file work.cif (mmCIF, N, CA and C atoms and all ligand atoms)
data_start
loop_
_atom_site.label_atom_id
_atom_site.label_comp_id
_atom_site.auth_asym_id
_atom_site.auth_seq_id
_atom_site.Cartn_x
_atom_site.Cartn_y
_atom_site.Cartn_z
N MET A 885 -4.06 16.35 -12.64
CA MET A 885 -4.41 14.97 -12.33
C MET A 885 -3.48 14.02 -13.06
N LYS A 886 -3.27 12.88 -12.42
CA LYS A 886 -2.40 11.86 -13.03
C LYS A 886 -3.12 10.51 -12.98
N GLU A 887 -2.88 9.73 -14.01
CA GLU A 887 -3.34 8.34 -13.96
C GLU A 887 -2.15 7.47 -13.56
N LEU A 888 -2.36 6.67 -12.55
CA LEU A 888 -1.34 5.70 -12.16
C LEU A 888 -1.79 4.34 -12.68
N VAL A 889 -0.96 3.75 -13.49
CA VAL A 889 -1.22 2.39 -13.97
C VAL A 889 -0.26 1.50 -13.21
N MET A 890 -0.84 0.70 -12.32
CA MET A 890 0.01 -0.10 -11.42
C MET A 890 -0.17 -1.57 -11.76
N ILE A 891 0.94 -2.21 -12.10
CA ILE A 891 0.88 -3.64 -12.40
C ILE A 891 1.55 -4.34 -11.21
N ILE A 892 0.74 -5.12 -10.52
CA ILE A 892 1.18 -5.66 -9.22
C ILE A 892 0.98 -7.18 -9.15
N ARG A 893 1.56 -7.77 -8.12
CA ARG A 893 1.29 -9.19 -7.85
C ARG A 893 -0.16 -9.29 -7.36
N PRO A 894 -0.91 -10.31 -7.83
CA PRO A 894 -2.31 -10.44 -7.40
C PRO A 894 -2.46 -10.45 -5.88
N GLU A 895 -1.53 -11.06 -5.16
CA GLU A 895 -1.67 -11.17 -3.70
C GLU A 895 -1.48 -9.83 -2.99
N LYS A 896 -1.04 -8.80 -3.74
CA LYS A 896 -0.86 -7.47 -3.13
C LYS A 896 -2.07 -6.57 -3.34
N LEU A 897 -3.10 -7.08 -4.00
CA LEU A 897 -4.24 -6.22 -4.33
C LEU A 897 -4.91 -5.61 -3.09
N GLU A 898 -5.10 -6.40 -2.04
CA GLU A 898 -5.77 -5.88 -0.84
C GLU A 898 -4.96 -4.74 -0.22
N ASP A 899 -3.63 -4.88 -0.21
CA ASP A 899 -2.77 -3.81 0.33
C ASP A 899 -2.89 -2.55 -0.51
N VAL A 900 -2.93 -2.73 -1.82
CA VAL A 900 -3.03 -1.57 -2.71
C VAL A 900 -4.39 -0.90 -2.52
N LYS A 901 -5.43 -1.70 -2.38
CA LYS A 901 -6.77 -1.13 -2.15
C LYS A 901 -6.76 -0.30 -0.86
N ALA A 902 -6.13 -0.81 0.20
CA ALA A 902 -6.08 -0.09 1.48
C ALA A 902 -5.37 1.26 1.31
N ILE A 903 -4.31 1.28 0.52
CA ILE A 903 -3.58 2.54 0.28
C ILE A 903 -4.48 3.53 -0.46
N LEU A 904 -5.20 3.03 -1.45
CA LEU A 904 -6.08 3.92 -2.22
C LEU A 904 -7.24 4.42 -1.37
N ASP A 905 -7.72 3.58 -0.45
CA ASP A 905 -8.77 4.02 0.49
C ASP A 905 -8.25 5.15 1.38
N GLU A 906 -6.99 4.99 1.83
CA GLU A 906 -6.37 6.00 2.71
C GLU A 906 -6.35 7.37 2.07
N ILE A 907 -6.12 7.42 0.77
CA ILE A 907 -6.06 8.74 0.10
C ILE A 907 -7.43 9.15 -0.44
N HIS A 908 -8.47 8.36 -0.09
CA HIS A 908 -9.85 8.66 -0.51
C HIS A 908 -9.97 8.81 -2.02
N CYS A 909 -9.37 7.87 -2.74
CA CYS A 909 -9.47 7.97 -4.20
C CYS A 909 -10.91 7.69 -4.61
N GLY A 910 -11.34 8.33 -5.68
CA GLY A 910 -12.73 8.25 -6.09
C GLY A 910 -13.14 6.88 -6.60
N GLY A 911 -12.24 6.19 -7.24
CA GLY A 911 -12.57 4.89 -7.81
C GLY A 911 -11.33 4.27 -8.40
N MET A 912 -11.50 3.11 -8.99
CA MET A 912 -10.36 2.46 -9.64
C MET A 912 -10.88 1.50 -10.69
N THR A 913 -10.03 1.18 -11.64
CA THR A 913 -10.36 0.17 -12.64
C THR A 913 -9.33 -0.93 -12.52
N LEU A 914 -9.83 -2.15 -12.55
CA LEU A 914 -8.94 -3.27 -12.30
C LEU A 914 -9.08 -4.32 -13.40
N SER A 915 -7.96 -4.85 -13.84
CA SER A 915 -8.03 -5.97 -14.78
C SER A 915 -7.03 -7.04 -14.38
N THR A 916 -7.36 -8.25 -14.72
CA THR A 916 -6.39 -9.32 -14.54
C THR A 916 -5.66 -9.44 -15.87
N VAL A 917 -4.35 -9.45 -15.81
CA VAL A 917 -3.53 -9.44 -17.04
C VAL A 917 -2.44 -10.51 -16.94
N MET A 918 -1.84 -10.78 -18.07
CA MET A 918 -0.65 -11.63 -18.10
C MET A 918 0.47 -10.74 -18.62
N GLY A 919 1.66 -10.91 -18.10
CA GLY A 919 2.73 -10.06 -18.60
C GLY A 919 4.10 -10.59 -18.28
N CYS A 920 5.09 -9.82 -18.71
CA CYS A 920 6.47 -10.15 -18.37
C CYS A 920 7.25 -8.86 -18.28
N GLY A 921 8.30 -8.90 -17.52
CA GLY A 921 9.20 -7.76 -17.42
C GLY A 921 10.50 -8.12 -18.12
N THR A 922 11.60 -7.79 -17.49
CA THR A 922 12.89 -8.01 -18.14
C THR A 922 13.30 -9.49 -18.19
N GLN A 923 12.63 -10.33 -17.34
CA GLN A 923 13.01 -11.75 -17.30
C GLN A 923 12.20 -12.58 -18.30
N LYS A 924 11.84 -12.00 -19.41
CA LYS A 924 10.89 -12.68 -20.31
C LYS A 924 11.38 -14.02 -20.85
N GLY A 925 12.67 -14.22 -20.83
CA GLY A 925 13.20 -15.49 -21.32
C GLY A 925 13.42 -16.50 -20.21
N THR A 926 13.26 -16.07 -18.98
CA THR A 926 13.57 -16.94 -17.84
C THR A 926 12.33 -17.70 -17.40
N VAL A 927 12.46 -18.98 -17.18
CA VAL A 927 11.31 -19.76 -16.72
C VAL A 927 11.12 -19.49 -15.22
N MET A 928 9.96 -18.95 -14.88
CA MET A 928 9.65 -18.62 -13.49
C MET A 928 8.53 -19.54 -13.02
N GLU A 929 8.45 -19.76 -11.72
CA GLU A 929 7.35 -20.56 -11.18
C GLU A 929 6.01 -19.88 -11.50
N GLY A 930 5.08 -20.62 -12.03
CA GLY A 930 3.77 -20.07 -12.35
C GLY A 930 3.66 -19.48 -13.74
N ALA A 931 4.78 -19.45 -14.49
CA ALA A 931 4.74 -18.85 -15.83
C ALA A 931 4.06 -19.78 -16.82
N VAL A 932 3.37 -19.18 -17.77
CA VAL A 932 2.76 -19.97 -18.85
C VAL A 932 3.33 -19.49 -20.18
N ASN A 933 3.27 -20.37 -21.18
CA ASN A 933 3.80 -20.04 -22.51
C ASN A 933 2.72 -20.16 -23.58
N GLU A 934 1.50 -19.87 -23.15
CA GLU A 934 0.39 -19.97 -24.08
C GLU A 934 -0.61 -18.88 -23.73
N ILE A 935 -1.12 -18.21 -24.74
CA ILE A 935 -2.14 -17.19 -24.48
C ILE A 935 -3.27 -17.37 -25.49
N LYS A 936 -4.46 -17.60 -24.97
CA LYS A 936 -5.65 -17.86 -25.81
C LYS A 936 -5.36 -18.94 -26.85
N GLY A 937 -4.68 -19.98 -26.41
CA GLY A 937 -4.44 -21.12 -27.31
C GLY A 937 -3.22 -20.98 -28.20
N PHE A 938 -2.57 -19.81 -28.20
CA PHE A 938 -1.39 -19.62 -29.04
C PHE A 938 -0.12 -19.77 -28.22
N LYS A 939 0.81 -20.54 -28.73
CA LYS A 939 2.08 -20.77 -28.04
C LYS A 939 2.98 -19.53 -28.18
N THR A 940 3.76 -19.28 -27.13
CA THR A 940 4.71 -18.17 -27.19
C THR A 940 5.99 -18.55 -26.46
N THR A 941 7.09 -17.94 -26.85
CA THR A 941 8.34 -18.18 -26.14
C THR A 941 8.47 -17.25 -24.94
N ILE A 942 7.51 -16.32 -24.79
CA ILE A 942 7.53 -15.41 -23.64
C ILE A 942 7.00 -16.16 -22.42
N ASN A 943 7.62 -15.96 -21.29
CA ASN A 943 7.13 -16.56 -20.05
C ASN A 943 6.21 -15.57 -19.36
N LEU A 944 4.93 -15.85 -19.45
CA LEU A 944 3.92 -14.90 -18.95
C LEU A 944 3.49 -15.25 -17.53
N LEU A 945 3.40 -14.22 -16.71
CA LEU A 945 2.95 -14.41 -15.33
C LEU A 945 1.67 -13.63 -15.08
N PRO A 946 0.77 -14.17 -14.25
CA PRO A 946 -0.46 -13.44 -13.95
C PRO A 946 -0.19 -12.24 -13.05
N LYS A 947 -0.73 -11.10 -13.43
CA LYS A 947 -0.59 -9.86 -12.63
C LYS A 947 -1.97 -9.20 -12.57
N VAL A 948 -2.08 -8.23 -11.70
CA VAL A 948 -3.29 -7.40 -11.65
C VAL A 948 -2.89 -5.99 -12.07
N LYS A 949 -3.71 -5.41 -12.95
CA LYS A 949 -3.47 -4.02 -13.36
C LYS A 949 -4.52 -3.14 -12.70
N VAL A 950 -4.05 -2.16 -11.94
CA VAL A 950 -4.95 -1.21 -11.28
C VAL A 950 -4.72 0.15 -11.93
N GLU A 951 -5.80 0.74 -12.44
CA GLU A 951 -5.70 2.08 -13.03
C GLU A 951 -6.48 3.04 -12.15
N VAL A 952 -5.83 4.10 -11.73
CA VAL A 952 -6.49 5.05 -10.83
C VAL A 952 -6.06 6.47 -11.20
N VAL A 953 -7.04 7.37 -11.26
CA VAL A 953 -6.72 8.78 -11.53
C VAL A 953 -6.83 9.54 -10.22
N VAL A 954 -5.76 10.28 -9.91
CA VAL A 954 -5.68 10.96 -8.61
C VAL A 954 -5.19 12.40 -8.79
N GLU A 955 -5.35 13.18 -7.72
CA GLU A 955 -4.80 14.54 -7.70
C GLU A 955 -3.28 14.47 -7.73
N ASP A 956 -2.66 15.43 -8.39
CA ASP A 956 -1.19 15.45 -8.49
C ASP A 956 -0.52 15.34 -7.12
N LYS A 957 -1.10 16.04 -6.11
CA LYS A 957 -0.40 16.15 -4.82
C LYS A 957 -0.26 14.83 -4.06
N VAL A 958 -1.04 13.81 -4.43
CA VAL A 958 -0.94 12.54 -3.68
C VAL A 958 -0.04 11.51 -4.37
N VAL A 959 0.44 11.86 -5.56
CA VAL A 959 1.15 10.86 -6.38
C VAL A 959 2.38 10.29 -5.66
N GLU A 960 3.23 11.17 -5.15
CA GLU A 960 4.47 10.68 -4.53
C GLU A 960 4.18 9.84 -3.29
N ASP A 961 3.15 10.24 -2.53
CA ASP A 961 2.75 9.49 -1.34
C ASP A 961 2.30 8.07 -1.74
N VAL A 962 1.52 7.99 -2.80
CA VAL A 962 1.04 6.68 -3.26
C VAL A 962 2.24 5.82 -3.69
N ILE A 963 3.15 6.40 -4.44
CA ILE A 963 4.32 5.63 -4.91
C ILE A 963 5.10 5.08 -3.72
N THR A 964 5.34 5.94 -2.72
CA THR A 964 6.08 5.50 -1.53
C THR A 964 5.37 4.35 -0.84
N LYS A 965 4.06 4.50 -0.66
CA LYS A 965 3.29 3.47 0.07
C LYS A 965 3.21 2.17 -0.74
N ILE A 966 3.06 2.29 -2.04
CA ILE A 966 3.00 1.07 -2.88
C ILE A 966 4.34 0.34 -2.78
N ARG A 967 5.44 1.09 -2.83
CA ARG A 967 6.75 0.44 -2.73
C ARG A 967 6.92 -0.21 -1.36
N GLU A 968 6.45 0.47 -0.31
CA GLU A 968 6.58 -0.09 1.04
C GLU A 968 5.87 -1.44 1.16
N THR A 969 4.73 -1.58 0.49
CA THR A 969 3.94 -2.82 0.67
C THR A 969 4.18 -3.84 -0.44
N CYS A 970 4.56 -3.39 -1.62
CA CYS A 970 4.65 -4.33 -2.76
C CYS A 970 6.07 -4.76 -3.11
N ALA A 971 7.07 -4.10 -2.55
CA ALA A 971 8.45 -4.51 -2.86
C ALA A 971 8.82 -5.69 -1.97
N THR A 972 9.17 -6.81 -2.61
CA THR A 972 9.49 -8.03 -1.85
C THR A 972 10.97 -8.39 -1.91
N ASP A 973 11.74 -7.64 -2.70
CA ASP A 973 13.16 -7.99 -2.92
C ASP A 973 13.32 -9.05 -4.00
N ASN A 974 12.20 -9.52 -4.54
CA ASN A 974 12.27 -10.51 -5.62
C ASN A 974 11.87 -9.86 -6.94
N VAL A 975 12.34 -10.45 -8.04
CA VAL A 975 11.91 -9.94 -9.34
C VAL A 975 10.41 -10.17 -9.49
N GLY A 976 9.78 -9.31 -10.29
CA GLY A 976 8.34 -9.50 -10.58
C GLY A 976 7.42 -8.71 -9.67
N ASP A 977 7.96 -7.78 -8.88
CA ASP A 977 7.10 -6.97 -7.99
C ASP A 977 6.17 -6.04 -8.74
N GLY A 978 6.51 -5.72 -9.98
CA GLY A 978 5.61 -4.91 -10.79
C GLY A 978 6.12 -3.51 -11.08
N LYS A 979 5.25 -2.69 -11.64
CA LYS A 979 5.64 -1.35 -12.07
C LYS A 979 4.50 -0.37 -11.87
N ILE A 980 4.86 0.89 -11.83
CA ILE A 980 3.86 1.97 -11.84
C ILE A 980 4.19 2.88 -13.02
N PHE A 981 3.24 3.08 -13.89
CA PHE A 981 3.39 4.03 -14.99
C PHE A 981 2.49 5.23 -14.69
N ILE A 982 2.99 6.42 -14.99
CA ILE A 982 2.25 7.64 -14.65
C ILE A 982 1.98 8.45 -15.91
N LYS A 983 0.71 8.83 -16.06
CA LYS A 983 0.31 9.60 -17.25
C LYS A 983 -0.44 10.86 -16.81
N ASN A 984 -0.28 11.93 -17.59
CA ASN A 984 -1.06 13.13 -17.35
C ASN A 984 -2.51 12.91 -17.78
N VAL A 985 -3.44 13.47 -17.02
CA VAL A 985 -4.86 13.37 -17.38
C VAL A 985 -5.41 14.77 -17.58
N GLU A 986 -5.99 14.99 -18.74
CA GLU A 986 -6.50 16.31 -19.14
C GLU A 986 -7.70 16.75 -18.29
N ASP A 987 -8.67 15.88 -18.14
CA ASP A 987 -9.90 16.26 -17.45
C ASP A 987 -10.60 14.99 -16.98
N ALA A 988 -11.56 15.17 -16.08
CA ALA A 988 -12.38 14.05 -15.62
C ALA A 988 -13.80 14.58 -15.47
N ILE A 989 -14.74 13.83 -15.89
CA ILE A 989 -16.15 14.26 -15.83
C ILE A 989 -16.98 13.18 -15.16
N ARG A 990 -17.66 13.55 -14.07
CA ARG A 990 -18.63 12.62 -13.47
C ARG A 990 -19.91 12.73 -14.31
N ILE A 991 -20.23 11.67 -14.98
CA ILE A 991 -21.33 11.72 -15.96
C ILE A 991 -22.65 12.13 -15.29
N ARG A 992 -22.90 11.61 -14.08
CA ARG A 992 -24.19 11.89 -13.41
C ARG A 992 -24.41 13.38 -13.16
N THR A 993 -23.37 14.08 -12.71
CA THR A 993 -23.54 15.46 -12.24
C THR A 993 -22.91 16.50 -13.16
N GLY A 994 -21.99 16.06 -14.01
CA GLY A 994 -21.26 17.02 -14.84
C GLY A 994 -20.06 17.64 -14.15
N GLU A 995 -19.79 17.25 -12.88
CA GLU A 995 -18.61 17.80 -12.18
C GLU A 995 -17.35 17.44 -12.97
N ARG A 996 -16.40 18.38 -12.95
CA ARG A 996 -15.19 18.19 -13.77
C ARG A 996 -13.93 18.38 -12.96
N GLY A 997 -12.82 17.96 -13.57
CA GLY A 997 -11.52 18.08 -12.94
C GLY A 997 -11.46 17.24 -11.69
N VAL A 998 -10.75 17.74 -10.66
CA VAL A 998 -10.60 16.99 -9.41
C VAL A 998 -11.96 16.64 -8.81
N LYS A 999 -12.93 17.56 -8.96
CA LYS A 999 -14.28 17.31 -8.43
C LYS A 999 -14.96 16.13 -9.14
N GLY A 1000 -14.51 15.85 -10.34
CA GLY A 1000 -15.08 14.75 -11.11
C GLY A 1000 -14.49 13.38 -10.79
N LEU A 1001 -13.46 13.37 -9.95
CA LEU A 1001 -12.78 12.09 -9.66
C LEU A 1001 -13.60 11.22 -8.72
N1 LIG B 1 8.08 -1.78 -19.84
C1 LIG B 1 6.90 -2.35 -19.56
N2 LIG B 1 5.83 -2.05 -20.30
C2 LIG B 1 4.61 -2.59 -20.02
N3 LIG B 1 4.40 -3.44 -19.01
C3 LIG B 1 5.44 -3.78 -18.25
C4 LIG B 1 6.75 -3.25 -18.48
N4 LIG B 1 7.58 -3.75 -17.55
C5 LIG B 1 6.84 -4.54 -16.78
N5 LIG B 1 5.56 -4.58 -17.19
C6 LIG B 1 4.45 -5.30 -16.59
O1 LIG B 1 4.73 -5.42 -15.20
C7 LIG B 1 4.77 -6.77 -14.80
C8 LIG B 1 5.83 -6.95 -13.75
O2 LIG B 1 7.08 -6.55 -14.28
P1 LIG B 1 8.39 -6.83 -13.45
O3 LIG B 1 8.18 -6.41 -12.06
O4 LIG B 1 8.81 -8.24 -13.67
O5 LIG B 1 9.39 -5.82 -14.18
P2 LIG B 1 10.97 -5.96 -14.35
O6 LIG B 1 11.42 -4.81 -15.16
O7 LIG B 1 11.30 -7.32 -14.88
O8 LIG B 1 11.51 -5.77 -12.88
P3 LIG B 1 12.19 -6.90 -11.95
O9 LIG B 1 13.58 -7.06 -12.47
O10 LIG B 1 12.10 -6.35 -10.57
O11 LIG B 1 11.36 -8.15 -12.11
C9 LIG B 1 4.99 -7.55 -16.07
O12 LIG B 1 4.48 -8.87 -15.97
C10 LIG B 1 4.26 -6.72 -17.10
O13 LIG B 1 2.88 -7.03 -17.03
MG MG B 2 10.67 -9.04 -13.89
#

call {"tool": "encode", "arguments": {"input": "work.cif", "output": "structure tokens"}}
result
Amino acid sequence: MKELVMIIRPEKLEDVKAILDEIHCGGMTLSTVMGCGTQKGTVMEGAVNEIKGFKTTINLLPKVKVEVVVEDKVVEDVITKIRETCATDNVGDGKIFIKNVEDAIRIRTGERGVKGL
């Protein structure tokens, strides 16, 4: 199993949800985040320079972070589909980070591994 941590443009969330539905993923965790990539010094439209009242020289943009644990065999398919829908040719399209996941347990039933997803 792999965890995909996908940081995307907020307006792409519905497309990403549709992709995850297609692969019948068990669930997902979502957070609204602020972040920057390589253009951290560049003033971008919508960027803010303050976080929780503290000033920063980083130009922060609102993004959505989607965390989803999936079977290994669907990972490449998800990456391809996410790129197809989320790549706009502009900077700031986001990133996907991939981590190994040791185990998963559905608390209600005790099912483990892929069955626990
Ligand atoms: N190395 C990183 N570590 C953690 N989070 C990152 C990293 N790179 C990007 N992010 C997150 O992803 C969001 C989008 O990054 P972004 O797409 O701007 O990356 P980039 O490397 O600057 O690529 P591009 O040049 O296409 O803009 C950032 O706002 C930040 O939340
Ligand atoms: Mg960037």

call {"tool": "residues_near_ligand", "arguments": {"input": "work.cif", "ligand": "ligand MG 2 (chain B)", "cutoff": "9 Å", "atoms": "only C-alpha atoms and all ligand atoms", "output": "ChimeraX atom specification"}}
result
/A:920-924,974-978

call {"tool": "residues_around", "arguments": {"input": "work.cif", "residues": "Val962 of chain A", "least_positions_apart": "2", "cutoff": "10 Å", "atoms": "only C-alpha atoms", "output": "ChimeraX atom specification"}}
result
/A:888,900,903-904,906-907,954,957-960,964-968

call {"tool": "axis_aligned_box", "arguments": {"input": "work.cif", "around": "ligand LIG 1 (chain B)", "padding_each_side": "8 Å", "output": "AutoDock Vina command-line options"}}
result
--center_x 8.2 --center_y -5.3 --center_z -15.4 --size_x 26.7 --size_y 23.1 --size_z 25.7

call {"tool": "select_by_dssp", "arguments": {"input": "work.cif", "residues": "chain A", "states": "alpha helix (DSSP H)", "output": "ChimeraX atom specification"}}
result
/A:897-906,959-970

call {"tool": "closest_residue", "arguments": {"input": "work.cif", "among": "A:Leu944, A:Val932, A:Val927, A:Ile963", "to": "ligand LIG 1 (chain B)", "atoms": "only C-alpha atoms and all ligand atoms"}}
result
A:Leu944

call {"tool": "residues_near_ligand", "arguments": {"input": "work.cif", "ligand": "ligand LIG 1 (chain B)", "cutoff": "12 Å", "atoms": "only C-alpha atoms and all ligand atoms", "output": "ChimeraX atom specification"}}
result
/A:889-894,915-926,928,930-932,942-950,967,970-982

call {"tool": "write_last_selection", "arguments": {"input": "work.cif", "atoms": "N, CA and C atoms", "output": "CSV table (one decimal), in the coordinates of the input"}}
result
chain,number,residue,atom,x,y,z
A,889,VAL,N,-1.0,3.8,-13.5
A,889,VAL,CA,-1.2,2.4,-14.0
A,889,VAL,C,-0.3,1.5,-13.2
A,890,MET,N,-0.8,0.7,-12.3
A,890,MET,CA,0.0,-0.1,-11.4
A,890,MET,C,-0.2,-1.6,-11.8
A,891,ILE,N,0.9,-2.2,-12.1
A,891,ILE,CA,0.9,-3.6,-12.4
A,891,ILE,C,1.6,-4.3,-11.2
A,892,ILE,N,0.7,-5.1,-10.5
A,892,ILE,CA,1.2,-5.7,-9.2
A,892,ILE,C,1.0,-7.2,-9.2
A,893,ARG,N,1.6,-7.8,-8.1
A,893,ARG,CA,1.3,-9.2,-7.8
A,893,ARG,C,-0.2,-9.3,-7.4
A,894,PRO,N,-0.9,-10.3,-7.8
A,894,PRO,CA,-2.3,-10.4,-7.4
A,894,PRO,C,-2.5,-10.4,-5.9
A,915,SER,N,-8.0,-4.8,-13.8
A,915,SER,CA,-8.0,-6.0,-14.8
A,915,SER,C,-7.0,-7.0,-14.4
A,916,THR,N,-7.4,-8.2,-14.7
A,916,THR,CA,-6.4,-9.3,-14.5
A,916,THR,C,-5.7,-9.4,-15.9
A,917,VAL,N,-4.4,-9.4,-15.8
A,917,VAL,CA,-3.5,-9.4,-17.0
A,917,VAL,C,-2.4,-10.5,-16.9
A,918,MET,N,-1.8,-10.8,-18.1
A,918,MET,CA,-0.6,-11.6,-18.1
A,918,MET,C,0.5,-10.7,-18.6
A,919,GLY,N,1.7,-10.9,-18.1
A,919,GLY,CA,2.7,-10.1,-18.6
A,919,GLY,C,4.1,-10.6,-18.3
A,920,CYS,N,5.1,-9.8,-18.7
A,920,CYS,CA,6.5,-10.2,-18.4
A,920,CYS,C,7.2,-8.9,-18.3
A,921,GLY,N,8.3,-8.9,-17.5
A,921,GLY,CA,9.2,-7.8,-17.4
A,921,GLY,C,10.5,-8.1,-18.1
A,922,THR,N,11.6,-7.8,-17.5
A,922,THR,CA,12.9,-8.0,-18.1
A,922,THR,C,13.3,-9.5,-18.2
A,923,GLN,N,12.6,-10.3,-17.3
A,923,GLN,CA,13.0,-11.8,-17.3
A,923,GLN,C,12.2,-12.6,-18.3
A,924,LYS,N,11.8,-12.0,-19.4
A,924,LYS,CA,10.9,-12.7,-20.3
A,924,LYS,C,11.4,-14.0,-20.8
A,925,GLY,N,12.7,-14.2,-20.8
A,925,GLY,CA,13.2,-15.5,-21.3
A,925,GLY,C,13.4,-16.5,-20.2
A,926,THR,N,13.3,-16.1,-19.0
A,926,THR,CA,13.6,-16.9,-17.8
A,926,THR,C,12.3,-17.7,-17.4
A,928,MET,N,10.0,-19.0,-14.9
A,928,MET,CA,9.6,-18.6,-13.5
A,928,MET,C,8.5,-19.5,-13.0
A,930,GLY,N,5.1,-20.6,-12.0
A,930,GLY,CA,3.8,-20.1,-12.4
A,930,GLY,C,3.7,-19.5,-13.7
A,931,ALA,N,4.8,-19.4,-14.5
A,931,ALA,CA,4.7,-18.8,-15.8
A,931,ALA,C,4.1,-19.8,-16.8
A,932,VAL,N,3.4,-19.2,-17.8
A,932,VAL,CA,2.8,-20.0,-18.8
A,932,VAL,C,3.3,-19.5,-20.2
A,942,ILE,N,7.5,-16.3,-24.8
A,942,ILE,CA,7.5,-15.4,-23.6
A,942,ILE,C,7.0,-16.2,-22.4
A,943,ASN,N,7.6,-16.0,-21.3
A,943,ASN,CA,7.1,-16.6,-20.0
A,943,ASN,C,6.2,-15.6,-19.4
A,944,LEU,N,4.9,-15.8,-19.4
A,944,LEU,CA,3.9,-14.9,-19.0
A,944,LEU,C,3.5,-15.2,-17.5
A,945,LEU,N,3.4,-14.2,-16.7
A,945,LEU,CA,3.0,-14.4,-15.3
A,945,LEU,C,1.7,-13.6,-15.1
A,946,PRO,N,0.8,-14.2,-14.2
A,946,PRO,CA,-0.5,-13.4,-14.0
A,946,PRO,C,-0.2,-12.2,-13.0
A,947,LYS,N,-0.7,-11.1,-13.4
A,947,LYS,CA,-0.6,-9.9,-12.6
A,947,LYS,C,-2.0,-9.2,-12.6
A,948,VAL,N,-2.1,-8.2,-11.7
A,948,VAL,CA,-3.3,-7.4,-11.6
A,948,VAL,C,-2.9,-6.0,-12.1
A,949,LYS,N,-3.7,-5.4,-13.0
A,949,LYS,CA,-3.5,-4.0,-13.4
A,949,LYS,C,-4.5,-3.1,-12.7
A,950,VAL,N,-4.0,-2.2,-11.9
A,950,VAL,CA,-5.0,-1.2,-11.3
A,950,VAL,C,-4.7,0.2,-11.9
A,967,ARG,N,5.4,1.1,-2.8
A,967,ARG,CA,6.8,0.4,-2.7
A,967,ARG,C,6.9,-0.2,-1.4
A,970,CYS,N,4.6,-3.4,-1.6
A,970,CYS,CA,4.6,-4.3,-2.8
A,970,CYS,C,6.1,-4.8,-3.1
A,971,ALA,N,7.1,-4.1,-2.6
A,971,ALA,CA,8.4,-4.5,-2.9
A,971,ALA,C,8.8,-5.7,-2.0
A,972,THR,N,9.2,-6.8,-2.6
A,972,THR,CA,9.5,-8.0,-1.8
A,972,THR,C,11.0,-8.4,-1.9
A,973,ASP,N,11.7,-7.6,-2.7
A,973,ASP,CA,13.2,-8.0,-2.9
A,973,ASP,C,13.3,-9.0,-4.0
A,974,ASN,N,12.2,-9.5,-4.5
A,974,ASN,CA,12.3,-10.5,-5.6
A,974,ASN,C,11.9,-9.9,-6.9
A,975,VAL,N,12.3,-10.4,-8.0
A,975,VAL,CA,11.9,-9.9,-9.3
A,975,VAL,C,10.4,-10.2,-9.5
A,976,GLY,N,9.8,-9.3,-10.3
A,976,GLY,CA,8.3,-9.5,-10.6
A,976,GLY,C,7.4,-8.7,-9.7
A,977,ASP,N,8.0,-7.8,-8.9
A,977,ASP,CA,7.1,-7.0,-8.0
A,977,ASP,C,6.2,-6.0,-8.7
A,978,GLY,N,6.5,-5.7,-10.0
A,978,GLY,CA,5.6,-4.9,-10.8
A,978,GLY,C,6.1,-3.5,-11.1
A,979,LYS,N,5.2,-2.7,-11.6
A,979,LYS,CA,5.6,-1.4,-12.1
A,979,LYS,C,4.5,-0.4,-11.9
A,980,ILE,N,4.9,0.9,-11.8
A,980,ILE,CA,3.9,2.0,-11.8
A,980,ILE,C,4.2,2.9,-13.0
A,981,PHE,N,3.2,3.1,-13.9
A,981,PHE,CA,3.4,4.0,-15.0
A,981,PHE,C,2.5,5.2,-14.7
A,982,ILE,N,3.0,6.4,-15.0
A,982,ILE,CA,2.2,7.6,-14.6
A,982,ILE,C,2.0,8.4,-15.9

call {"tool": "select_by_dssp", "arguments": {"input": "work.cif", "residues": "segment 938-988 of chain A", "states": "strand (DSSP E)", "output": "NGL selection string"}}
result
:A and (938-954 or 978-984)

call {"tool": "decode", "arguments": {"input": "work.cif", "residues": "segment 919-927 of chain A", "atoms": "N, CA and C atoms", "output": "compact mmCIF listing (two decimals), in the first residue's frame"}}
result
# COMPACT_ATOMS: atom_id res chain seq x y z
N GLY A 919 0.76 27.17 1.10
CA GLY A 919 2.09 26.67 0.79
C GLY A 919 2.76 27.45 -0.31
N CYS A 920 3.98 27.00 -0.62
CA CYS A 920 4.70 27.58 -1.76
C CYS A 920 5.59 26.50 -2.34
N GLY A 921 5.88 26.66 -3.59
CA GLY A 921 6.81 25.76 -4.25
C GLY A 921 8.10 26.51 -4.52
N THR A 922 8.62 26.35 -5.72
CA THR A 922 9.92 26.96 -6.02
C THR A 922 9.83 28.48 -6.22
N GLN A 923 8.58 28.99 -6.43
CA GLN A 923 8.44 30.44 -6.68
C GLN A 923 8.22 31.20 -5.38
N LYS A 924 8.80 30.75 -4.30
CA LYS A 924 8.45 31.34 -2.99
C LYS A 924 8.77 32.82 -2.86
N GLY A 925 9.66 33.30 -3.69
CA GLY A 925 9.99 34.73 -3.62
C GLY A 925 9.19 35.56 -4.60
N THR A 926 8.44 34.91 -5.47
CA THR A 926 7.73 35.63 -6.53
C THR A 926 6.33 36.00 -6.07
N VAL A 927 5.94 37.23 -6.30
CA VAL A 927 4.58 37.64 -5.92
C VAL A 927 3.61 37.09 -6.96
